[in-house]
Structure formats: C-alpha cells, structure tokens
Amino acid sequence: MSHAGNDAVRTSPVRLRWAVPTAALTLSLFLGACSSGSTDVPSGGELPAEGPLTLAWYGSDVRNAAVQEVVDAFGQENPDLVIETQPTTFDGHWDRLSVQAAANNLPCIPAMQSRYQARYEDRGSLLPLEGLIEDGTIDVSGIPPEVIESNRNEDGHIYSIPYGIWYEGAVRNVPALEEAG
C-alpha cells in the first residue's frame, strides 16, 4: 500500500473499532467506480473487479495518518485487495482531483464535499450509485433514507454516500459591530 510519506499515528482502540467498519462500508461503496466516465447505473455484478482500489482524501498530517491506519486495517482484513492511497492537504486535494478528472483518471474513492461535487457530476466523472444501493452491493440500512435522498442530484442519480456533515457558519460580534458603528 502506498502511504505517501505519512508516519502512522496511533488512534484509540475505540476509534479504530468504529472506524474499520465505516471504512469497510466506504470502500465497498465505490469499489470498481474508478474513473467510470459513464452515467449508466450499474449493479454490483456489472462492476469490474480488477486493478487497485485508489482512495484520495484531504486533511492534516494527523488526520491523514489516522485515515491511513483505518485503510491499513481494512487491507489486513482483505489481503487480496490492492489499495493505493492519495492523502494530501485540502487545497492540494481539489487541484489534484481537477487534473485527474480532466484526464478521466479519478480515484475510485475520492473524498467529496457537496459544494464541489457538482463539478464532477456534471462532467460524468462520478458513478451513479442507486443501482448498487438497490441490489444491496452498497448497504445503506444504517443511514436514514432522507439522508440518502438528500444526496440525489437534479439528474436523478445518487453519486455519494455521506459519512458525516459539514456546515459553514458566521459569528456576529455585537460589541465590535457597535464600536465600528
């Protein structure tokens, strides 16, 4: 497995116990989705199962090492699966994905945020997942249906399975605003 120079950071056994099933779900979600370039909705039996599974995400060195530890644990449970990882910084991740998408060479599992996702959906770079959900290849039984549906694109397809949420916020400093007039 590729580690891109990250040194492993120990995570707590509780965090790792929770993270390994999550990684297994996440990895299984996109297996075979590498650079599909197609908007056809495949079922699990139609996905190619050859070549390495590439996984790209962003974060600090500590976060990248923690994710790599989960990937390594998943790899130990699935020794026949070749996993190549591409951890990087936040800005570097989006720059790299843009170049990879232009070359029709996205990782099998690229970390995505909804504010960037449409760029890749609109050019056909992401694999529609609803066929894989319907046939049970992707098990979403632990995710509320409205959360899955909230990820449905305007073209009717689901391109991502959420593993968390993010939000943007603003804070109003009333005394500073009053002082500034």
# chains A, B, ... in the order shown; residues from 1 in each chain; ligands from 1

call {"tool": "residues_around", "arguments": {"residues": "Glu149 (chain A)", "least_positions_apart": "4", "cutoff": "12 Å", "atoms": "only C-alpha atoms", "output": "PyMOL selection string"}}
result
chain A and resi 129-130+133+140+143-145+153-154+156-162

call {"tool": "residues_around", "arguments": {"residues": "region 95-101 of chain A", "least_positions_apart": "2", "cutoff": "8 Å", "atoms": "only C-alpha atoms", "output": "number ranges by chain"}}
result
A: 35, 91-93, 103-107, 110, 120, 125

call {"tool": "write_last_selection", "arguments": {"atoms": "C-alpha atoms", "output": "compact mmCIF listing (two decimals), in the first residue's frame"}}
result
# COMPACT_ATOMS: atom_id res chain seq x y z
CA SER A 35 -12.95 6.89 -13.42
CA ASP A 91 -6.31 22.70 -1.44
CA GLY A 92 -3.96 20.14 -2.97
CA HIS A 93 -6.77 17.57 -3.00
CA ALA A 103 -7.67 13.06 -17.67
CA ASN A 104 -10.59 10.71 -16.84
CA ASN A 105 -8.45 9.24 -14.09
CA LEU A 106 -10.25 9.99 -10.81
CA PRO A 107 -9.52 7.76 -7.83
CA PRO A 110 -12.41 10.50 -3.93
CA TYR A 120 -17.62 16.17 -11.17
CA SER A 125 -16.83 11.74 -13.71

call {"tool": "closest_residue", "arguments": {"among": "A:Leu127, A:Ala56, A:Val71, A:Ala170", "to": "Ile109 (chain A)", "atoms": "only C-alpha atoms"}}
result
A:Ala56

call {"tool": "atom_distance", "arguments": {"atom1": "CA of Val147 (chain A)", "atom2": "CA of Cys108 (chain A)"}}
result
22.3 Å

call {"tool": "atom_distance", "arguments": {"atom1": "CA of Gln86 (chain A)", "atom2": "CA of Ala111 (chain A)"}}
result
10.3 Å

call {"tool": "atom_distance", "arguments": {"atom1": "CA of Thr89 (chain A)", "atom2": "CA of Val70 (chain A)"}}
result
18.2 Å

call {"tool": "select_by_dssp", "arguments": {"residues": "region 68-154 of chain A", "states": "alpha helix (DSSP H)", "output": "ChimeraX atom specification"}}
result
/A:68-77,90-102,114-121,130-134,145-149

call {"tool": "closest_residue", "arguments": {"among": "A:Ala73, A:Val62, A:Ile148, A:Ile83", "to": "Tyr163 (chain A)", "atoms": "only C-alpha atoms"}}
result
A:Ile148
